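Novice: What follows is data-v6.pdb; its format and atoms are PDB, C-alpha atoms and all ligand atoms.
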ATOM      1  CA  MET A  26      89.943  91.913  87.386
ATOM      2  CA  ILE A  27      89.062  95.617  87.615
ATOM      3  CA  ASN A  28      87.144  97.610  90.214
ATOM      4  CA  TYR A  29      85.004 100.509  89.119
ATOM      5  CA  LYS A  30      83.439 103.409  90.970
ATOM      6  CA  GLU A  31      82.412 106.972  90.274
ATOM      7  CA  ASN A  32      83.007 110.133  92.277
ATOM      8  CA  GLN A  33      79.931 112.206  91.530
ATOM      9  CA  GLU A  34      81.272 115.427  93.018
ATOM     10  CA  CYS A  35      84.316 115.342  90.730
ATOM     11  CA  LYS A  36      82.429 113.683  87.842
ATOM     12  CA  THR A  37      85.256 111.166  87.715
ATOM     13  CA  ALA A  38      85.441 107.455  86.975
ATOM     14  CA  ILE A  39      87.916 105.560  89.154
ATOM     15  CA  ILE A  40      89.210 102.276  87.746
ATOM     16  CA  GLU A  41      91.503  99.995  89.747
ATOM     17  CA  ILE A  42      93.345  97.004  88.321
ATOM     18  CA  ASN A  43      92.641  94.176  90.723
ATOM     19  CA  ARG A  44      95.254  91.376  90.623
ATOM     20  CA  PRO A  45      97.294  92.277  93.700
ATOM     21  CA  THR A  46      98.802  88.804  94.184
ATOM     22  CA  GLN A  47     100.372  89.119  90.720
ATOM     23  CA  LEU A  48     101.271  92.778  91.341
ATOM     24  CA  ASN A  49      98.402  93.781  89.031
ATOM     25  CA  ALA A  50     100.234  92.426  85.959
ATOM     26  CA  LEU A  51      98.288  93.079  82.763
ATOM     27  CA  ASN A  52      96.836  89.910  81.302
ATOM     28  CA  ASN A  53      94.461  89.709  78.368
ATOM     29  CA  LYS A  54      91.386  89.842  80.624
ATOM     30  CA  VAL A  55      92.512  93.028  82.387
ATOM     31  CA  ILE A  56      93.245  94.706  79.049
ATOM     32  CA  THR A  57      89.826  93.727  77.692
ATOM     33  CA  ASP A  58      87.989  94.804  80.867
ATOM     34  CA  LEU A  59      89.770  98.167  80.888
ATOM     35  CA  SER A  60      89.074  98.679  77.202
ATOM     36  CA  ASP A  61      85.361  97.865  77.582
ATOM     37  CA  LYS A  62      85.011 100.153  80.582
ATOM     38  CA  LEU A  63      86.660 103.028  78.700
ATOM     39  CA  ASN A  64      84.195 102.518  75.844
ATOM     40  CA  ASP A  65      81.309 102.928  78.311
ATOM     41  CA  ILE A  66      82.872 106.008  79.889
ATOM     42  CA  GLU A  67      83.445 107.605  76.485
ATOM     43  CA  HIS A  68      79.677 107.575  75.994
ATOM     44  CA  THR A  69      78.732 108.787  79.485
ATOM     45  CA  PRO A  70      78.523 112.593  79.391
ATOM     46  CA  SER A  71      78.209 112.889  83.184
ATOM     47  CA  ILE A  72      81.754 111.508  83.534
ATOM     48  CA  ARG A  73      84.331 114.189  82.733
ATOM     49  CA  SER A  74      87.600 112.462  83.649
ATOM     50  CA  VAL A  75      89.148 109.094  84.553
ATOM     51  CA  ILE A  76      91.616 107.932  87.203
ATOM     52  CA  ILE A  77      93.441 104.606  86.728
ATOM     53  CA  SER A  78      95.228 102.954  89.658
ATOM     54  CA  GLY A  79      96.108  99.537  91.068
ATOM     55  CA  VAL A  80      94.657  97.691  94.051
ATOM     56  CA  GLY A  81      96.887  97.586  97.147
ATOM     57  CA  ASP A  82      99.892  99.620  98.154
ATOM     58  CA  LYS A  83     102.620  97.602  96.429
ATOM     59  CA  ALA A  84     101.944  97.872  92.707
ATOM     60  CA  PHE A  85     100.289 100.093  90.162
ATOM     61  CA  VAL A  86     101.047  97.479  87.478
ATOM     62  CA  ALA A  87     104.290  95.413  87.470
ATOM     63  CA  GLY A  88     104.154  94.878  83.712
ATOM     64  CA  ALA A  89     102.501  92.773  81.088
ATOM     65  CA  ASP A  90     101.867  89.269  82.429
ATOM     66  CA  ILE A  91     105.127  87.466  81.647
ATOM     67  CA  LYS A  92     103.526  84.069  82.338
ATOM     68  CA  GLU A  93     100.936  84.736  79.629
ATOM     69  CA  PHE A  94     103.308  85.574  76.777
ATOM     70  CA  GLN A  95     106.324  83.402  77.612
ATOM     71  CA  ASP A  96     105.577  80.804  74.873
ATOM     72  CA  PHE A  97     104.485  83.175  72.117
ATOM     73  CA  THR A  98     105.811  83.027  68.555
ATOM     74  CA  THR A  99     107.024  86.166  66.793
ATOM     75  CA  GLU A 100     103.712  86.484  64.926
ATOM     76  CA  ARG A 101     101.640  86.198  68.101
ATOM     77  CA  ALA A 102     103.863  88.639  69.946
ATOM     78  CA  ILE A 103     103.537  91.237  67.176
ATOM     79  CA  GLU A 104      99.787  90.702  67.157
ATOM     80  CA  LEU A 105      99.591  91.055  70.961
ATOM     81  CA  SER A 106     101.607  94.238  70.893
ATOM     82  CA  LYS A 107      99.559  95.781  68.087
ATOM     83  CA  SER A 108      96.162  94.712  69.422
ATOM     84  CA  GLY A 109      97.031  95.915  72.941
ATOM     85  CA  LYS A 110      97.887  99.320  71.539
ATOM     86  CA  ILE A 111      94.599  99.521  69.629
ATOM     87  CA  LYS A 112      92.438  98.123  72.435
ATOM     88  CA  LEU A 113      93.958 100.007  75.325
ATOM     89  CA  PHE A 114      97.141 102.044  75.119
ATOM     90  CA  ASN A 115      96.278 104.230  72.128
ATOM     91  CA  LYS A 116      92.670 104.371  73.295
ATOM     92  CA  ILE A 117      93.846 106.015  76.519
ATOM     93  CA  SER A 118      96.299 108.360  74.768
ATOM     94  CA  HIS A 119      93.580 109.561  72.417
ATOM     95  CA  PHE A 120      90.720 109.417  74.928
ATOM     96  CA  SER A 121      88.407 112.404  74.629
ATOM     97  CA  LYS A 122      88.429 112.991  78.402
ATOM     98  CA  PRO A 123      91.499 113.525  80.594
ATOM     99  CA  VAL A 124      92.924 110.308  82.064
ATOM    100  CA  ILE A 125      95.135 110.455  85.175
ATOM    101  CA  SER A 126      97.273 107.582  86.445
ATOM    102  CA  ALA A 127      97.534 107.287  90.219
ATOM    103  CA  ILE A 128     100.816 105.371  90.489
ATOM    104  CA  ASN A 129     100.521 103.644  93.841
ATOM    105  CA  GLY A 130     103.615 101.396  93.691
ATOM    106  CA  TYR A 131     105.600  99.534  91.024
ATOM    107  CA  ALA A 132     104.940 100.825  87.494
ATOM    108  CA  LEU A 133     107.142  98.568  85.389
ATOM    109  CA  GLY A 134     107.209  97.530  81.744
ATOM    110  CA  GLY A 135     103.649  97.480  80.414
ATOM    111  CA  GLY A 136     102.628  99.115  83.715
ATOM    112  CA  LEU A 137     104.770 102.166  83.092
ATOM    113  CA  GLU A 138     103.603 102.111  79.478
ATOM    114  CA  LEU A 139     100.025 102.241  80.773
ATOM    115  CA  ALA A 140     100.944 105.282  82.872
ATOM    116  CA  LEU A 141     102.748 106.850  79.889
ATOM    117  CA  SER A 142      99.511 106.551  77.902
ATOM    118  CA  THR A 143      97.613 108.629  80.440
ATOM    119  CA  HIS A 144      97.581 112.402  80.174
ATOM    120  CA  ILE A 145      98.752 113.184  83.715
ATOM    121  CA  ARG A 146     100.791 110.993  86.100
ATOM    122  CA  ILE A 147     100.675 111.349  89.902
ATOM    123  CA  ALA A 148     102.938 109.057  91.948
ATOM    124  CA  SER A 149     102.958 108.046  95.581
ATOM    125  CA  SER A 150     106.282 108.602  97.309
ATOM    126  CA  SER A 151     106.858 104.822  97.414
ATOM    127  CA  ALA A 152     106.353 104.291  93.656
ATOM    128  CA  LYS A 153     109.105 102.714  91.561
ATOM    129  CA  LEU A 154     109.123 103.167  87.816
ATOM    130  CA  GLY A 155     111.035 101.500  85.006
ATOM    131  CA  LEU A 156     111.073  99.729  81.662
ATOM    132  CA  PRO A 157     112.959  96.533  82.572
ATOM    133  CA  GLU A 158     112.139  94.677  79.333
ATOM    134  CA  CYS A 159     115.758  94.539  78.079
ATOM    135  CA  SER A 160     116.593  92.546  81.223
ATOM    136  CA  LEU A 161     114.077  89.944  79.996
ATOM    137  CA  GLY A 162     115.628  89.875  76.510
ATOM    138  CA  LEU A 163     112.812  92.088  75.181
ATOM    139  CA  ILE A 164     112.004  95.712  74.481
ATOM    140  CA  PRO A 165     108.933  97.682  75.580
ATOM    141  CA  GLY A 166     106.075  96.657  73.297
ATOM    142  CA  TYR A 167     103.253  98.977  74.308
ATOM    143  CA  SER A 168     104.710 102.258  72.975
ATOM    144  CA  GLY A 169     107.273 102.762  75.734
ATOM    145  CA  THR A 170     110.054 103.316  73.182
ATOM    146  CA  GLN A 171     107.950 106.077  71.638
ATOM    147  CA  LYS A 172     106.361 107.764  74.627
ATOM    148  CA  LEU A 173     109.188 107.745  77.152
ATOM    149  CA  PRO A 174     111.515 109.840  74.897
ATOM    150  CA  GLN A 175     108.639 112.214  74.166
ATOM    151  CA  ILE A 176     108.114 112.787  77.879
ATOM    152  CA  ILE A 177     111.624 112.809  79.385
ATOM    153  CA  GLY A 178     113.810 113.299  76.273
ATOM    154  CA  VAL A 179     115.805 110.802  74.218
ATOM    155  CA  ASN A 180     118.883 111.092  76.396
ATOM    156  CA  LEU A 181     117.292 109.946  79.644
ATOM    157  CA  ALA A 182     114.913 107.507  77.913
ATOM    158  CA  MET A 183     117.871 105.749  76.266
ATOM    159  CA  GLU A 184     119.496 105.341  79.665
ATOM    160  CA  MET A 185     116.325 104.069  81.366
ATOM    161  CA  ILE A 186     115.504 101.566  78.621
ATOM    162  CA  LEU A 187     119.048 100.347  77.875
ATOM    163  CA  THR A 188     120.030  99.909  81.532
ATOM    164  CA  ALA A 189     116.583  98.510  82.518
ATOM    165  CA  LYS A 190     116.975 100.367  85.814
ATOM    166  CA  MET A 191     114.139 101.369  88.126
ATOM    167  CA  ILE A 192     113.879 104.881  89.479
ATOM    168  CA  ASN A 193     112.056 106.128  92.558
ATOM    169  CA  ALA A 194     109.220 108.650  92.613
ATOM    170  CA  GLU A 195     111.425 111.576  93.568
ATOM    171  CA  GLU A 196     113.744 110.947  90.599
ATOM    172  CA  ALA A 197     110.721 110.429  88.311
ATOM    173  CA  HIS A 198     109.440 113.842  89.380
ATOM    174  CA  ARG A 199     112.842 115.494  88.920
ATOM    175  CA  ILE A 200     113.069 114.311  85.288
ATOM    176  CA  GLY A 201     109.452 115.181  84.474
ATOM    177  CA  LEU A 202     108.166 111.625  84.214
ATOM    178  CA  VAL A 203     105.458 112.275  86.810
ATOM    179  CA  ASN A 204     103.653 115.542  87.439
ATOM    180  CA  HIS A 205     103.448 115.318  91.235
ATOM    181  CA  VAL A 206     104.543 113.065  94.095
ATOM    182  CA  VAL A 207     102.393 112.736  97.210
ATOM    183  CA  GLU A 208     102.148 110.405 100.179
ATOM    184  CA  GLN A 209     100.273 107.178  99.421
ATOM    185  CA  ASP A 210      97.343 108.173 101.660
ATOM    186  CA  ASN A 211      96.866 111.416  99.702
ATOM    187  CA  LEU A 212      97.183 109.943  96.214
ATOM    188  CA  LEU A 213      93.509 109.665  95.298
ATOM    189  CA  GLU A 214      92.697 113.000  96.899
ATOM    190  CA  LYS A 215      95.416 114.723  94.817
ATOM    191  CA  CYS A 216      94.069 113.135  91.615
ATOM    192  CA  LEU A 217      90.502 114.155  92.475
ATOM    193  CA  LYS A 218      91.655 117.727  93.140
ATOM    194  CA  ILE A 219      93.018 117.874  89.587
ATOM    195  CA  CYS A 220      89.785 116.366  88.229
ATOM    196  CA  LYS A 221      87.869 119.156  89.951
ATOM    197  CA  LEU A 222      89.953 121.727  88.061
ATOM    198  CA  PHE A 223      88.572 120.281  84.813
ATOM    199  CA  HIS A 224      85.141 121.578  85.884
ATOM    200  CA  GLY A 225      86.306 125.067  84.982
ATOM    201  CA  THR A 226      86.958 123.986  81.391
ATOM    202  CA  SER A 227      84.856 123.007  78.400
ATOM    203  CA  PRO A 228      84.762 119.220  77.684
ATOM    204  CA  GLU A 229      84.960 119.873  73.936
ATOM    205  CA  ALA A 230      87.998 122.094  74.460
ATOM    206  CA  LEU A 231      89.741 119.379  76.500
ATOM    207  CA  SER A 232      89.023 116.792  73.815
ATOM    208  CA  SER A 233      90.407 119.114  71.125
ATOM    209  CA  ALA A 234      93.454 119.954  73.238
ATOM    210  CA  ILE A 235      94.283 116.242  73.715
ATOM    211  CA  LYS A 236      93.845 115.591  69.986
ATOM    212  CA  SER A 237      95.995 118.577  69.015
ATOM    213  CA  ILE A 238      98.791 117.868  71.478
ATOM    214  CA  ASN A 239      98.930 114.192  70.375
ATOM    215  CA  SER A 240      99.003 115.102  66.677
ATOM    216  CA  CYS A 241     102.534 116.368  67.159
ATOM    217  CA  TYR A 242     103.713 112.822  67.948
ATOM    218  CA  LEU A 243     102.046 110.666  65.297
ATOM    219  CA  ASN A 244     104.674 108.614  63.456
ATOM    220  CA  GLU A 245     105.508 105.076  62.348
ATOM    221  CA  GLY A 246     107.582 104.315  65.424
ATOM    222  CA  ASP A 247     104.834 102.225  67.011
ATOM    223  CA  ASP A 248     104.889  99.736  64.112
ATOM    224  CA  VAL A 249     108.671  99.479  64.228
ATOM    225  CA  GLU A 250     108.455  98.821  67.967
ATOM    226  CA  SER A 251     105.867  96.027  67.569
ATOM    227  CA  ARG A 252     107.964  94.329  64.846
ATOM    228  CA  GLU A 253     111.193  94.554  66.855
ATOM    229  CA  PHE A 254     109.383  93.380  70.000
ATOM    230  CA  GLY A 255     108.049  90.295  68.182
ATOM    231  CA  ALA A 256     111.357  89.411  66.530
ATOM    232  CA  LEU A 257     113.001  89.091  69.950
ATOM    233  CA  PHE A 258     110.732  86.144  70.799
ATOM    234  CA  GLU A 259     112.927  84.006  68.490
ATOM    235  CA  THR A 260     116.065  84.658  70.511
ATOM    236  CA  ASP A 261     117.645  82.344  73.100
ATOM    237  CA  ASN A 262     118.245  85.365  75.318
ATOM    238  CA  PHE A 263     114.492  86.038  75.549
ATOM    239  CA  LYS A 264     113.916  82.451  76.694
ATOM    240  CA  GLU A 265     116.726  82.820  79.215
ATOM    241  CA  GLY A 266     115.373  86.180  80.452
ATOM    242  CA  VAL A 267     111.856  84.876  81.018
ATOM    243  CA  ASN A 268     113.001  81.573  82.555
ATOM    244  CA  ALA A 269     115.265  83.492  84.924
ATOM    245  CA  PHE A 270     112.320  85.655  86.055
ATOM    246  CA  LEU A 271     110.071  82.641  86.596
ATOM    247  CA  GLN A 272     112.813  80.788  88.471
ATOM    248  CA  LYS A 273     113.510  83.933  90.555
ATOM    249  CA  ARG A 274     117.188  84.115  89.537
ATOM    250  CA  LYS A 275     119.433  86.495  87.580
ATOM    251  CA  PRO A 276     119.553  85.900  83.799
ATOM    252  CA  ASN A 277     122.720  84.657  82.161
ATOM    253  CA  PHE A 278     122.661  86.312  78.709
ATOM    254  CA  ASN A 279     125.009  85.326  75.839
TER     255      ASN A 279
HETATM  256  N1  LIG A 301     104.045  89.179  85.081
HETATM  257  C1  LIG A 301     103.596  88.092  85.716
HETATM  258  N2  LIG A 301     103.705  87.932  87.048
HETATM  259  C2  LIG A 301     104.316  88.904  87.753
HETATM  260  C3  LIG A 301     104.815  90.075  87.145
HETATM  261  C4  LIG A 301     104.652  90.203  85.736
HETATM  262  N3  LIG A 301     105.071  91.279  85.073
HETATM  263  N4  LIG A 301     105.369  90.842  88.100
HETATM  264  C5  LIG A 301     105.215  90.185  89.255
HETATM  265  N5  LIG A 301     104.574  89.025  89.060
HETATM  266  C6  LIG A 301     104.193  88.017  90.044
HETATM  267  C7  LIG A 301     105.414  87.187  90.486
HETATM  268  O1  LIG A 301     105.689  86.146  89.558
HETATM  269  C8  LIG A 301     104.926  86.667  91.815
HETATM  270  O2  LIG A 301     104.016  85.615  91.558
HETATM  271  P1  LIG A 301     104.129  84.242  92.420
HETATM  272  O3  LIG A 301     103.827  84.668  93.834
HETATM  273  O4  LIG A 301     103.055  83.408  91.800
HETATM  274  O5  LIG A 301     105.543  83.734  92.261
HETATM  275  C9  LIG A 301     104.087  87.824  92.367
HETATM  276  O6  LIG A 301     103.745  88.634  91.237
HETATM  277  C10 LIG A 301     104.853  88.683  93.354
HETATM  278  O7  LIG A 301     106.054  89.098  92.725
HETATM  279  P2  LIG A 301     107.504  88.895  93.378
HETATM  280  O8  LIG A 301     107.520  87.689  94.257
HETATM  281  O9  LIG A 301     108.504  88.943  92.262
HETATM  282  O10 LIG A 301     107.590  90.204  94.277
HETATM  283  P3  LIG A 301     108.896  90.963  94.753
HETATM  284  O11 LIG A 301     108.454  91.958  95.765
HETATM  285  O12 LIG A 301     109.968  90.000  95.114
HETATM  286  O13 LIG A 301     109.421  91.754  93.438
HETATM  287  C11 LIG A 301     109.149  93.082  91.441
HETATM  288  C12 LIG A 301     108.651  92.783  92.878
HETATM  289  C13 LIG A 301     110.557  93.692  91.526
HETATM  290  C14 LIG A 301     108.189  94.081  90.832
HETATM  291  C15 LIG A 301     109.203  91.771  90.631
HETATM  292  O14 LIG A 301     107.928  91.127  90.740
HETATM  293  C16 LIG A 301     109.466  91.956  89.155
HETATM  294  O15 LIG A 301     110.606  92.195  88.780
HETATM  295  N6  LIG A 301     108.425  91.813  88.320
HETATM  296  C17 LIG A 301     108.564  91.845  86.874
HETATM  297  C18 LIG A 301     108.764  93.252  86.390
HETATM  298  C19 LIG A 301     108.947  93.237  84.902
HETATM  299  O16 LIG A 301     109.924  92.732  84.376
HETATM  300  N7  LIG A 301     107.996  93.827  84.200
HETATM  301  C20 LIG A 301     108.021  93.908  82.764
HETATM  302  C21 LIG A 301     107.308  92.756  82.175
HETATM  303  S1  LIG A 301     107.486  92.662  80.433
HETATM  304  C22 LIG A 301     106.426  93.797  79.867
HETATM  305  O17 LIG A 301     105.747  94.470  80.600
HETATM  306  C23 LIG A 301     106.378  93.919  78.396
HETATM  307  C24 LIG A 301     105.440  95.008  77.972
HETATM  308  C25 LIG A 301     105.218  94.966  76.514
HETATM  309  C26 LIG A 301     104.268  93.874  76.167
HETATM  310  C27 LIG A 301     103.809  93.990  74.785
HETATM  311  C28 LIG A 301     102.911  92.861  74.341
HETATM  312  C29 LIG A 301     103.090  91.556  75.024
END
As C-alpha cells, please, write out the structure in this file.
Ligand code: CO8

Specialist:
Amino acid sequence: MINYKENQECKTAIIEINRPTQLNALNNKVITDLSDKLNDIEHTPSIRSVIISGVGDKAFVAGADIKEFQDFTTERAIELSKSGKIKLFNKISHFSKPVISAINGYALGGGLELALSTHIRIASSSAKLGLPECSLGLIPGYSGTQKLPQIIGVNLAMEMILTAKMINAEEAHRIGLVNHVVEQDNLLEKCLKICKLFHGTSPEALSSAIKSINSCYLNEGDDVESREFGALFETDNFKEGVNAFLQKRKPNFN
C-alpha cells in the first residue's frame, strides 16, 4: 500500500501512497504502513527529511476511504478520528525531521489534511485541493478544521470548508496553501532541491524549530473536531451524502 525509497544524495526518504485505482484513498492499512515507516525513519540518523506523495498522476490522496467508514457508529468514528491523528497526522506535524508533501493531483478531505500536516507543501500545476466533507454530510476529521485556518486564515478556511469547493494549484499558491507550484514532471526534483537546502542546517535546530513553531497552535480544537465529526454519523444527511457518492450521484440533503 506504500512504496518506499531513499535518495542518498539528499538524505531523503520518499514515501508514495500506492492505491491508484482508489485515487490513493487512505484506508486503515495505508495509515498503519505510513505510521510504521515514519517510526523507522525517526530512528534513522542518515535520513534528514521525508517526502510524501501519491502513485500516479491523478491523485495525491482523494480522502479517507469513504467505503471503509460508511457504516461506522458515532463511537467508532470518534475513535477513528482520534487514533488517526495520534498514529499519523499529529506524528507528521510533530515529526523531528522536515516532511514535504509532493501534491501530484487531487488532495481532498483526509488527503488535504495529510498535506496540511506536513511542514512544506509543493503542488503540481494539475493538483486540485479541497475539504469536501460537508458535501458528504461530514466535517474534516483529521485536523482540517484546525490546520486550514492556521495556514490560510479563518476567512478563507471558512469559505473552503463550508462551500466544500475544490481549488486549483494556482489558487492554492495565491492564498498560501502551498509553497510552490511546478509542472508534474518537476515535482520530485523541486522537493529534493528543498531537501538539499536542509543540509546547510543542524538537524537538532530543525527539530527544535518545528517543535517551537507548532507550540503556538496547541489547543483543544482537535478534540472538539473529533467529537463533532463522530456525532454527524448519526444523521440522515451523512447516510445520504455517502450513498450519493457511492452511487455516483448528487446528494439530496434535507
Ligand atoms: N474513498 C473511497 N474511494 C474513493 C475515494 C475516497 N475518498 N475517492 C475516490 N475513490 C474511488 C471511487 O469510488 C472510484 O472507485 P470505483 O472505480 O471502485 O468506483 C475510484 O476511486 C475512482 O474515482 P472516480 O470514479 O470518482 O474518479 P473521478 O475522476 O470521476 O472523480 C474525484 C475524482 C472528484 C476525486 C472523486 O473520486 C471524488 O469526489 N472522490 C471523493 C472525494 C472526497 O469526498 N473526499 C473526502 C472523503 S471524506 C474524508 O476524507 C474525511 C476525512 C476525515 C476522516 C476522519 C476519520 C474517519

Novice: What's the separation between atom CA of Ile145 of chain A and atom CA of Asn64 of chain A, in Å to one decimal place?

Specialist: 19.7 Å

Novice: So what do you get for atom C25 of ligand LIG 301 (chain A) versus atom CA of Phe85 of chain A, distance-wise?

Specialist: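 A separation of 15.4 Å between them.
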
Novice: Within 8 Å of ligand LIG 301 (chain A), which residues show up when you count only C-alpha atoms and all ligand atoms? List them as a PyMOL selection string, please.

Specialist: chain A and resi 45-51+84+86-94+102-103+105-107+109+131+133-136+138+156-158+160-161+163-167+251+254+270-271+273

Novice: Leaving out Pro174 of chain A and any residue of its chain fewer than 2 positions from it, which residues lie within 12 Å of it when counting all atoms listed in the file, given as an mmCIF file with C-alpha atoms, in the coordinates of the input?

Specialist:
data_model
loop_
_atom_site.group_PDB
_atom_site.id
_atom_site.type_symbol
_atom_site.label_atom_id
_atom_site.label_comp_id
_atom_site.auth_asym_id
_atom_site.auth_seq_id
_atom_site.Cartn_x
_atom_site.Cartn_y
_atom_site.Cartn_z
ATOM 1 C CA GLU A 138 103.603 102.111 79.478
ATOM 2 C CA LEU A 141 102.748 106.850 79.889
ATOM 3 C CA SER A 168 104.710 102.258 72.975
ATOM 4 C CA GLY A 169 107.273 102.762 75.734
ATOM 5 C CA THR A 170 110.054 103.316 73.182
ATOM 6 C CA GLN A 171 107.950 106.077 71.638
ATOM 7 C CA LYS A 172 106.361 107.764 74.627
ATOM 8 C CA ILE A 176 108.114 112.787 77.879
ATOM 9 C CA ILE A 177 111.624 112.809 79.385
ATOM 10 C CA GLY A 178 113.810 113.299 76.273
ATOM 11 C CA VAL A 179 115.805 110.802 74.218
ATOM 12 C CA ASN A 180 118.883 111.092 76.396
ATOM 13 C CA LEU A 181 117.292 109.946 79.644
ATOM 14 C CA ALA A 182 114.913 107.507 77.913
ATOM 15 C CA MET A 183 117.871 105.749 76.266
ATOM 16 C CA GLU A 184 119.496 105.341 79.665
ATOM 17 C CA MET A 185 116.325 104.069 81.366
ATOM 18 C CA ILE A 186 115.504 101.566 78.621
ATOM 19 C CA ILE A 200 113.069 114.311 85.288
ATOM 20 C CA GLY A 201 109.452 115.181 84.474
ATOM 21 C CA LEU A 202 108.166 111.625 84.214
ATOM 22 C CA TYR A 242 103.713 112.822 67.948
ATOM 23 C CA GLY A 246 107.582 104.315 65.424
#

Novice: For the provided coordinates, the residues matched by the PyMOL selection byres (((chain A and resi 231) around 12) and not hetatm) should be stated as a PyMOL selection string.

Specialist: chain A and resi 73-74+119-124+144+222-230+232-238

Novice: What's around Ser78 of chain A at 9 Å? Count only C-alpha atoms, leave out sequence neighbours fewer than 5 positions away in its own chain, and write the answer as JSON, numbers by chain.

Specialist: {"A": [39, 40, 41, 42, 84, 85, 86, 125, 126, 127, 128, 129, 213]}

Novice: Run the PyMOL selection byres (((chain A and resi 258) around 8) and not hetatm) against the file shown and list the residues it catches, as a PyMOL selection string.

Specialist: chain A and resi 97-99+102+163+254-257+259-260+263-264

Novice: Report as a list in words all protein, DNA and RNA residues lying within 9 Å of Leu217 of chain A, evaluated on all atoms listed in the file, omitting residues in the same chain fewer than 4 positions from it.

Specialist: Asn32, Cys35, Thr37, Ile76, Leu212, Leu213, Lys221 and Leu222 of chain A

Novice: Tell me which of A:Ala148, A:Ile77, A:Ile66, A:Lys112 sits closest to His205 of chain A, counting all atoms listed in the file.

Specialist: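 Between A:Ala148, A:Ile77, A:Ile66, A:Lys112, the residue approaching His205 of chain A most closely is A:Ala148.
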
Novice: Compare A:Asn52, A:Cys159, A:Val203, A:Asp82 by their minimum atom-to-atom distance to Ala140 of chain A, counting only C-alpha atoms, and give me the closest one.

Specialist: A:Val203

Novice: Do you have the atom CA of Asn262 of chain A-atom CA of Gly130 of chain A distance handy?

Specialist: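 Value for the atom CA of Asn262 of chain A-atom CA of Gly130 of chain A distance: 28.4 Å.
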
Novice: Could you write out as a list in words the residues that the PyMOL selection byres (((chain A and resi 57) around 12) and not hetatm) matches in the shown file?

Specialist: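 Going through the file, the PyMOL selection byres (((chain A and resi 57) around 12) and not hetatm) ends up selecting Met26, Ile27, Ile42, Leu51, Asn52, Asn53, Lys54, Val55, Ile56, Asp58, Leu59, Ser60, Asp61, Lys62, Leu63, Asn64, Ser108, Gly109, Lys110, Ile111, Lys112, Leu113, Phe114 and Lys116 of chain A.
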